[in-house]
4 protein chains.
Amino acid sequence: MNSENFTLCEKVVAPSYVRQGSQARRGHEQLIRLLLEQGKCPEEGWSESTVELFLNELAVMDSNNFLGNCGVGEREGRVASGLVARRHYRLIHGIGRSGDIAAVQPKAAGSSLLNKLTNSVVLDILKISGVRSVASCFVVPMATGMSLTLCFLTLRHRRPKARYIIWPRIDQKSCFKSMITAGFEPVVVENVLDGDELRTDLEAIERKIEELGAENVLCVHSTTSCFAPRVPDRLEELATMCAKYDIPHIVNNAYGVQSSKCMHLIQQGARVGRIDAFVQSLDKNFMVPVGGAIIAGFDEAFVQEISKMYPGRASASPSLDVLITLLSLGASGYKKYLSERKEIYSFLAQELKNLASAHGERLLHTPRNPISLAMSLDGLQASSDQAVTQLGSMLFTRQVSGARVIPLGKEQVVNGRTFCGFMSHSNSYPCPYLNAASAIGITREDVTLCMKKLDKCLKMLKKDAVKSSSTVETGLSQCFCSLSN
Amino acid sequence: MNSENFTLCEKVVAPSYVRQGSQARRGHEQLIRLLLEQGKCPEEGWSESTVELFLNELAVMDSNNFLGNCGVGEREGRVASGLVARRHYRLIHGIGRSGDIAAVQPKAAGSSLLNKLTNSVVLDILKISGVRSVASCFVVPMATGMSLTLCFLTLRHRRPKARYIIWPRIDQKSCFKSMITAGFEPVVVENVLDGDELRTDLEAIERKIEELGAENVLCVHSTTSCFAPRVPDRLEELATMCAKYDIPHIVNNAYGVQSSKCMHLIQQGARVGRIDAFVQSLDKNFMVPVGGAIIAGFDEAFVQEISKMYPGRASASPSLDVLITLLSLGASGYKKYLSERKEIYSFLAQELKNLASAHGERLLHTPRNPISLAMSLDGLQASSDQAVTQLGSMLFTRQVSGARVIPLGKEQVVNGRTFCGFMSHSNSYPCPYLNAASAIGITREDVTLCMKKLDKCLKMLKKDAVKSSSTVETGLSQCFCSLSN
Amino acid sequence: MNSENFTLCEKVVAPSYVRQGSQARRGHEQLIRLLLEQGKCPEEGWSESTVELFLNELAVMDSNNFLGNCGVGEREGRVASGLVARRHYRLIHGIGRSGDIAAVQPKAAGSSLLNKLTNSVVLDILKISGVRSVASCFVVPMATGMSLTLCFLTLRHRRPKARYIIWPRIDQKSCFKSMITAGFEPVVVENVLDGDELRTDLEAIERKIEELGAENVLCVHSTTSCFAPRVPDRLEELATMCAKYDIPHIVNNAYGVQSSKCMHLIQQGARVGRIDAFVQSLDKNFMVPVGGAIIAGFDEAFVQEISKMYPGRASASPSLDVLITLLSLGASGYKKYLSERKEIYSFLAQELKNLASAHGERLLHTPRNPISLAMSLDGLQASSDQAVTQLGSMLFTRQVSGARVIPLGKEQVVNGRTFCGFMSHSNSYPCPYLNAASAIGITREDVTLCMKKLDKCLKMLKKDAVKSSSTVETGLSQCFCSLSN
Amino acid sequence: MNSENFTLCEKVVAPSYVRQGSQARRGHEQLIRLLLEQGKCPEEGWSESTVELFLNELAVMDSNNFLGNCGVGEREGRVASGLVARRHYRLIHGIGRSGDIAAVQPKAAGSSLLNKLTNSVVLDILKISGVRSVASCFVVPMATGMSLTLCFLTLRHRRPKARYIIWPRIDQKSCFKSMITAGFEPVVVENVLDGDELRTDLEAIERKIEELGAENVLCVHSTTSCFAPRVPDRLEELATMCAKYDIPHIVNNAYGVQSSKCMHLIQQGARVGRIDAFVQSLDKNFMVPVGGAIIAGFDEAFVQEISKMYPGRASASPSLDVLITLLSLGASGYKKYLSERKEIYSFLAQELKNLASAHGERLLHTPRNPISLAMSLDGLQASSDQAVTQLGSMLFTRQVSGARVIPLGKEQVVNGRTFCGFMSHSNSYPCPYLNAASAIGITREDVTLCMKKLDKCLKMLKKDAVKSSSTVETGLSQCFCSLSN
């Protein structure tokens, strides 16, 4: 309420009580003021009531909520369903304009503020998470793959001749497809085995660049976060190489914001060499629904170029989700999630190690992967051909989600290209294995429960193997080995 | 509740009352059954309680809501904020898989059902709205422009050599950018003046095709819904031409679903010639928040090809919005909106005509445009140079939204290309004018209020002109002529 | 947002857009201002967004929502469940203080405003609905019966000797119990038959007063709204009589606000004689959940005395519901409901008349009852003893709710007193009958559907009677004749 | 969804995924089954989604939500405002029938279940909290005071001659008014000073009983939870005395459920003597909004008699709130709150002790009061006459809520009776003091922040005293000494 209305309230209830209420209102306004002034994630999280107060204030500024508005255009933010209006806090106009997804809409000052503030708060969080020198970023309502596509499409206008994208292999379909969709030819560079780890083959990449000619290479497309035993790409060396050959460098940092190691790699890469943009998922890093990504970079002009490449308006929903989440958590709440994740990573590693040794397997040694772990399944494989895929299906039906089982030698065709040993990032990884990850939001209970169920499944499979009656639960198995893609 | 629980209830309250309650539950289940069986929009709209019951049932089927779930993957549908979880009905996993935006997710049976059913219901509505022979469609969480881009990117794989897209001019930035972003060269074909109407120049298009060589043309990119005095493209003739030259044909049907004329054009085009895909906005046709589109076509395989081109998962938010809306309205409710829109179009036309003649202007004669109308502003232009743009800013500050004012001879550079007479779809339309549209959801009050305010503004401007003191409210004017883009 | 924050917004998005947003905010504030200034129901209903904005503003003023609050009392408005907090808009402190349910709470300026404004808006609606000279009223979170009890308990302090309450018979248990609970002895005065109507026996009442001695009579407890063939009590004459004998007069106006006739009776009664308080249900008159009532009167001091009689704080829930409802409807919306109800009353009367004559029955002639109608069931009764009660159970299982079936000669003991012909307000009404009412919110569909089902049931029962195999559906019948009490 | 619909789902998405979803649904059903079977508070709290699923299931069973319902009664559960419908989960019919607030409504099986289950779950919690032998209870939508009134009104029918209620003094207006409102004469028995504690004067009570004659005493009305230095009444002795003289005994256990001591006193009292009913607040014990209470007793018939005394239906809102809260917390969650409260009580005691000694005051020694503490204000009183009340106002404006300041010798008239030393439960307590309580839901932060602010205020007041310029902030002081009543 404005001051005039507060004064009127004083005629209804005692002025001293109203004054205290109006003071309390200023408390909320003060938090909003800080946000507007600094454009940063508040250190302490806001209460639900402050968050909703703020969103309602934004909504009031959009023309579809003007009490005296009359609309004679083709897009007026009308909403047929009350359920829909409410779930979007009556913010209906989306974000951006036809020219630029980051642009301001005259009809929707509130939604425009939402958009600008979200990008600003997210930038702050990227800095806090380790990429101190990031210059600009924006939230886009597309998942990581399509966002990478948008980056490649933008680069096309800078490098009209280039046809190839050099890509250290990572077996996730959407990464591969992001290049295909953009109309480029991925040049897959196999990883090298280093102990148990699969690492970037720097020499092979440099060879490829020279072979194809730097001017024909659109960019290097590297990856940080990935499933063990693959580890994050060697960003420093790749960035240096890109600088040397004047080739753009796009980093797929899908769920890397949650790991200080991944963020550090990007920060270092940008410092010593060249990183043009790095892309991260909203849902995987900020515990919001699937469907948004952050495109970030070290050169504001280039980031803006990408944002201008998106034709038309876009859904505000992912921006709204991440803004609500970050305002509610505050920087301190987010950092707490990060440190808990790290702790549980160690816990998970220890538990997996114990379990592995109890079953005659071993935890693969992949210290460079800060999120994902892998446990060998050699023994299981030996016991029966189908046992490995069967384990996957058994875990699924026991409500263990996210545990991937990687059999040996699976072949898969993706957009016309055959990948040997698909899912293992390698033509011939030495052993089958199981993946488990400590991702943001995981709890100790998740780990404990998963270990218990995994233990049971492994025991059952062994018994089955002895009886050689492995018919139980095989029906489903074939379709589950690729579950997590 | 299941039957076991209903039986238990009978021990708490009288069995006859419980039985009636359980029967009532079956009433809701029956509606859901019909939806699942037929995949069609229900004829009568559902109550809010049935809609929410259904969404809750879907959510329960997603692994993030399993009571005993333990997650050790990198994407587990965790949500940090209760506000966010609730506004998405706890449907967190989005839609699609890395391989295909229409694919089913093992972790999220509920979200997968949501996705499939939405596409099915939307297909039904496209048929009801006039494109009887549409074969397949899917909702994509990107606005129209980016969806068109996806279509063009898909065609690239079919026609690797093609570089050009033939495009009858329509002055909306995102249409133009959709081609640029996809990496193609738009070949802009000017419209021809036919009375007051701007229509497709069929001869010029055919000339262009022959000039460039059909094999070098990726597709013809035509438009139905547009601002008067432009009218929908001559789809039948274009489709026939595309068939003749074996060139794909993509139709931008942005807000055309709401008009039986636009839908009829598409239906006819596909019948007599070739239309590969047509794209429409969710928000403009279904009164949901900005950010989604429907990509539809007559060949299921091609539509699927497009859906497989989207790399990675996607936001379920636009699907959820349109499903809630259509289930709530029912087919009958949607049809009622359509017929009301049509009626108000006639009302708006009459009102504008009266107003125009009162001010010495005239309603442009554009009977082929079923949605948008235009009123000349010759007299206003004559009174003062700035008066036309000033009118735009005056309407804006008076909360008339969507009324576009088109001055003469505006030049604009879009992605490096200069458009003369920008916003008027023509290098030199004979007169300045004002647009108003009767779009879905418009009310008689919108029209009446708009006419009143417009009348006042025109009177004020005339007085100003007399006084030649047109300084009032000019500050804003320059930025408002391009408002509606 | 306050002006400081709006200014900050102008640094993020264009000042002209922000200015428009801030102007829009003033639109909502203006509505709130009018409410605070005048304390009246707004003529036009508010949008959901204004209502919620307002409620959020109130909540912010309560101490449990102060950001810096620390509580060391025994009642701090803490809420354990987010679901609960949200459904009450975080207004947790209830209304009133230990001294007075209408008093202001220092800890809860917002809830106190809610309470005061609700009472004020409700008072306005009582005036609009016909009791122009009502002086004061308050909402109490108890249903009509308990609210009557509170009135009687208050009167006890004024008339410590009085033991009797004179009560023209109305067969609704809670009316009778309201007197028993308060500790008084109801003196039941039978109604007289006047044509089909049952009317107040004025002479018998006067006789009773003289017999008992006016000083021993706590009050006359009369009723307006009731089931036909009983009609509203003769308030003018009763009020005059009460004035004459100096006896308080409490009117049970349960669902009478919706009828201009009932309201007119009260207005007239107070004008010519004495009415101390009249009590009406919130749910039955304002379409809110069960559980609240309005206690109103013509002497502010007496109404305040009643409000001070309620010991302790009380739930704000009914106040919140009725305030939301009235702000959303506006006076015009509420009046529209009233006139629709009246129209449907005529429609229902006509339909019932037709149906009755088709089945050899008749619509009882009860023109003085403006809400409820009755159709004789003589023929049905003749066909079989159980047929009448069976009809009740059949209607129930066919989801016709609210249709009461009144058999002949039912006896019932209520709090130790035997009522003959219970439910018919008379020891011996001449015929069995069925009641149907046109109450606020009823639709034409309700009537049409009810007539159709009733017609079917009557036909089935006749057929059964012929076959004399009336065993179907009798199991339930005995418990349904008293359904509506 | 029912099994038929699940089968249909299998045609849309893979059967194995659907099967898992349907299994997940059974998980929720299982929790509901346990609740229905046992009628107990679940040990572990339910997730929000289970709670909402359950409430939606209940709502579906009420006739106002029947899809084919037609209503021709005067009370059909119609709701005009969607906001209102939603906030009540569409449970509109309230609880109870005209005959009995605990009765089942034929029109509303869902609301009836809600009512029965709430009473059952609440009974379980009373047992868990220490009154093991409680036989029956029900939730009533009235605060503690009015609920006590209802108990007294019920007793009147058992003891028609009795006029007095014997009441060991407790200075809370609503307790006193509860007797006045019921029409009885409170016989106030002063407490005796025992060290710092104010305790029940058993001898004086027995004297009073004999003086008045047991048959003229309606009941003894004792209190457990109260502000220090008063301590809970000596229930064992009182109960024994009531048994001896055959006098009913009603216990005001307002916020005593949270304290094992208070609950133990009741359990013991009932074991060795007579307790007819004990009444507790919902909001103060279960962190729900103000407005409900639980009436409980050891004789099921008597509790039922009280529930039958409530005339008419009642609001379901308090029942709904407490059910949501208890299902969400689970027994374990509630017990955790209890043990935290206890710990913080010790913490608060220690902190207050330290603060007191730092300011030359002392923590009063009141070990028998398990919730409330008191710190002397002798020094402050000595410094200035107004200082004590001024402290109250200072704390209020600094957002310390619930800290009561009790000056010496305040006189107050409540319903015509003058209380000396009002608020201190004594005509002449030796010193002024400040109260702070450790009530359920309190946090360590509350205590720490309160101590800091209190310390500051005391320092400021001392400085003021020195300057003898105590004009600041005195304006408000007079109205704040009675804040907490």
# chains A, B, ... in the order shown; residues from 1 in each chain; ligands from 1

$ closest_atom_pairs --of "chain C" --to "chain B" --cutoff "9 Å" --atoms "only C-alpha atoms" --output "Markdown table"
| residue | atom | partner | partner_atom | distance |
| --- | --- | --- | --- | --- |
| C:Ser16 | CA | B:Leu476 | CA | 7.7 |
| C:Gln20 | CA | B:Thr397 | CA | 7.0 |
| C:Gly82 | CA | B:Gly82 | CA | 8.9 |
| C:Thr397 | CA | B:Gln20 | CA | 7.0 |
| C:Gln399 | CA | B:Gln20 | CA | 8.5 |
| C:Leu476 | CA | B:Ser16 | CA | 7.8 |

$ write_last_selection --atoms "N, CA, C and O atoms" --output "PDB file, in the first residue's frame"
ATOM      1  N   SER C  16       9.936   5.230 -19.433  1.00  0.00           N
ATOM      2  CA  SER C  16       8.529   5.424 -19.822  1.00  0.00           C
ATOM      3  C   SER C  16       7.713   4.164 -19.562  1.00  0.00           C
ATOM      4  O   SER C  16       6.557   4.227 -19.197  1.00  0.00           O
ATOM      5  N   GLN C  20       4.660   3.752 -16.748  1.00  0.00           N
ATOM      6  CA  GLN C  20       3.329   3.212 -17.014  1.00  0.00           C
ATOM      7  C   GLN C  20       2.980   2.099 -16.013  1.00  0.00           C
ATOM      8  O   GLN C  20       1.859   2.001 -15.536  1.00  0.00           O
ATOM      9  N   GLY C  82       3.564 -25.058   5.360  1.00  0.00           N
ATOM     10  CA  GLY C  82       3.486 -24.074   4.281  1.00  0.00           C
ATOM     11  C   GLY C  82       2.130 -24.088   3.593  1.00  0.00           C
ATOM     12  O   GLY C  82       1.607 -23.044   3.204  1.00  0.00           O
ATOM     13  N   THR C 397     -29.635 -40.751  -4.506  1.00  0.00           N
ATOM     14  CA  THR C 397     -28.681 -41.559  -5.272  1.00  0.00           C
ATOM     15  C   THR C 397     -28.555 -41.060  -6.707  1.00  0.00           C
ATOM     16  O   THR C 397     -27.593 -41.372  -7.383  1.00  0.00           O
ATOM     17  N   GLN C 399     -28.132 -37.943  -7.372  1.00  0.00           N
ATOM     18  CA  GLN C 399     -27.403 -36.679  -7.239  1.00  0.00           C
ATOM     19  C   GLN C 399     -28.284 -35.437  -7.361  1.00  0.00           C
ATOM     20  O   GLN C 399     -27.836 -34.397  -7.829  1.00  0.00           O
ATOM     21  N   LEU C 476     -32.304 -47.722   1.892  1.00  0.00           N
ATOM     22  CA  LEU C 476     -31.778 -46.449   2.365  1.00  0.00           C
ATOM     23  C   LEU C 476     -32.842 -45.527   2.914  1.00  0.00           C
ATOM     24  O   LEU C 476     -32.558 -44.589   3.642  1.00  0.00           O
TER      25      LEU C 476
END

$ select_by_dssp --residues "stretch 208-412 of chain C" --states "helix (DSSP H, G or I)" --output "VMD selection string"
chain C and resid 208 to 212 214 to 216 235 to 245 260 to 272 282 to 286 300 to 309 317 to 358 378 to 383 387 to 397

$ residues_around --residues "B:Ser438" --least-positions-apart "5" --cutoff "7 Å" --atoms "only C-alpha atoms" --output "PyMOL selection string"
(chain A and resi 72) or (chain B and resi 341+344-345+371-372)

$ atom_distance --atom1 "atom CA of D:Ser174" --atom2 "atom CA of D:Thr144"
8.2 Å

$ residues_around --residues "A:Tyr429" --least-positions-apart "3" --cutoff "12 Å" --atoms "only C-alpha atoms" --output "list in words"
Glu190, Asn191, Val192, Leu193, Asp194, Gly195, Asp196, Glu197, Leu198, Ala228, Pro229, Arg230, Leu364, Ser376, Asp378, Ile406, Pro407, Leu408, Gly409, Lys410, Cys420, Gly421, Phe422, Met423, Ser424, His425, Ser426, Pro432 and Tyr433 of chain A

$ decode --residues "stretch 188-274 of chain C" --atoms "C-alpha atoms" --output "CSV table (one decimal), in the first residue's frame"
chain,number,residue,atom,x,y,z
C,188,VAL,CA,-43.1,-23.6,20.9
C,189,VAL,CA,-46.1,-21.9,19.3
C,190,GLU,CA,-47.8,-23.9,16.6
C,191,ASN,CA,-48.4,-22.2,13.2
C,192,VAL,CA,-51.9,-21.7,11.8
C,193,LEU,CA,-52.9,-23.0,8.4
C,194,ASP,CA,-54.0,-20.2,6.0
C,195,GLY,CA,-54.8,-21.8,2.7
C,196,ASP,CA,-51.8,-24.0,2.0
C,197,GLU,CA,-49.5,-21.7,4.0
C,198,LEU,CA,-48.4,-22.1,7.6
C,199,ARG,CA,-48.3,-18.7,9.3
C,200,THR,CA,-47.5,-17.2,12.6
C,201,ASP,CA,-50.2,-17.6,15.2
C,202,LEU,CA,-50.1,-14.0,16.6
C,203,GLU,CA,-52.9,-14.5,19.1
C,204,ALA,CA,-51.4,-17.6,20.5
C,205,ILE,CA,-48.1,-15.8,21.0
C,206,GLU,CA,-49.7,-12.9,22.8
C,207,ARG,CA,-51.6,-15.3,25.0
C,208,LYS,CA,-48.3,-17.0,25.9
C,209,ILE,CA,-46.7,-13.7,26.8
C,210,GLU,CA,-49.4,-12.8,29.1
C,211,GLU,CA,-49.6,-16.3,30.5
C,212,LEU,CA,-45.8,-16.4,31.3
C,213,GLY,CA,-45.4,-12.8,32.2
C,214,ALA,CA,-43.4,-10.5,29.9
C,215,GLU,CA,-40.6,-10.2,32.4
C,216,ASN,CA,-40.1,-14.0,32.3
C,217,VAL,CA,-39.7,-14.0,28.6
C,218,LEU,CA,-36.1,-13.6,27.4
C,219,CYS,CA,-37.2,-12.8,23.9
C,220,VAL,CA,-39.3,-13.7,20.9
C,221,HIS,CA,-37.3,-15.7,18.5
C,222,SER,CA,-38.8,-15.4,15.0
C,223,THR,CA,-37.8,-16.7,11.6
C,224,THR,CA,-37.9,-15.4,8.1
C,225,SER,CA,-36.4,-17.8,5.6
C,226,CYS,CA,-37.9,-21.3,5.9
C,227,PHE,CA,-39.2,-24.3,3.9
C,228,ALA,CA,-42.6,-24.0,2.3
C,229,PRO,CA,-45.5,-24.3,3.1
C,230,ARG,CA,-44.3,-22.4,6.1
C,231,VAL,CA,-43.9,-18.8,5.3
C,232,PRO,CA,-41.8,-16.1,7.0
C,233,ASP,CA,-43.1,-15.0,10.4
C,234,ARG,CA,-45.3,-11.9,10.6
C,235,LEU,CA,-42.4,-9.7,11.7
C,236,GLU,CA,-44.2,-6.4,11.7
C,237,GLU,CA,-46.9,-7.6,14.1
C,238,LEU,CA,-44.4,-9.5,16.2
C,239,ALA,CA,-42.1,-6.5,16.4
C,240,THR,CA,-45.0,-4.3,17.4
C,241,MET,CA,-46.0,-6.8,20.0
C,242,CYS,CA,-42.4,-7.0,21.4
C,243,ALA,CA,-42.3,-3.2,21.6
C,244,LYS,CA,-45.6,-3.2,23.4
C,245,TYR,CA,-44.6,-5.8,26.0
C,246,ASP,CA,-40.9,-4.6,26.1
C,247,ILE,CA,-39.6,-7.9,25.1
C,248,PRO,CA,-36.5,-8.3,23.1
C,249,HIS,CA,-36.9,-9.7,19.6
C,250,ILE,CA,-34.3,-11.8,17.8
C,251,VAL,CA,-34.8,-12.8,14.2
C,252,ASN,CA,-33.4,-15.9,12.6
C,253,ASN,CA,-32.8,-14.6,9.0
C,254,ALA,CA,-30.7,-17.7,8.1
C,255,TYR,CA,-30.8,-17.4,4.3
C,256,GLY,CA,-33.0,-14.3,4.1
C,257,VAL,CA,-30.4,-11.8,2.8
C,258,GLN,CA,-30.9,-13.3,-0.7
C,259,SER,CA,-34.6,-12.4,-0.6
C,260,SER,CA,-35.8,-8.8,-0.8
C,261,LYS,CA,-39.0,-9.9,0.9
C,262,CYS,CA,-37.3,-11.3,4.0
C,263,MET,CA,-35.1,-8.2,4.2
C,264,HIS,CA,-38.1,-5.9,3.8
C,265,LEU,CA,-39.9,-7.7,6.6
C,266,ILE,CA,-36.9,-7.0,8.9
C,267,GLN,CA,-36.7,-3.4,7.8
C,268,GLN,CA,-40.4,-2.9,8.4
C,269,GLY,CA,-40.4,-4.7,11.7
C,270,ALA,CA,-37.6,-2.5,13.0
C,271,ARG,CA,-39.4,0.6,11.8
C,272,VAL,CA,-42.8,-0.1,13.4
C,273,GLY,CA,-41.7,-2.1,16.4
C,274,ARG,CA,-38.7,-3.8,18.0
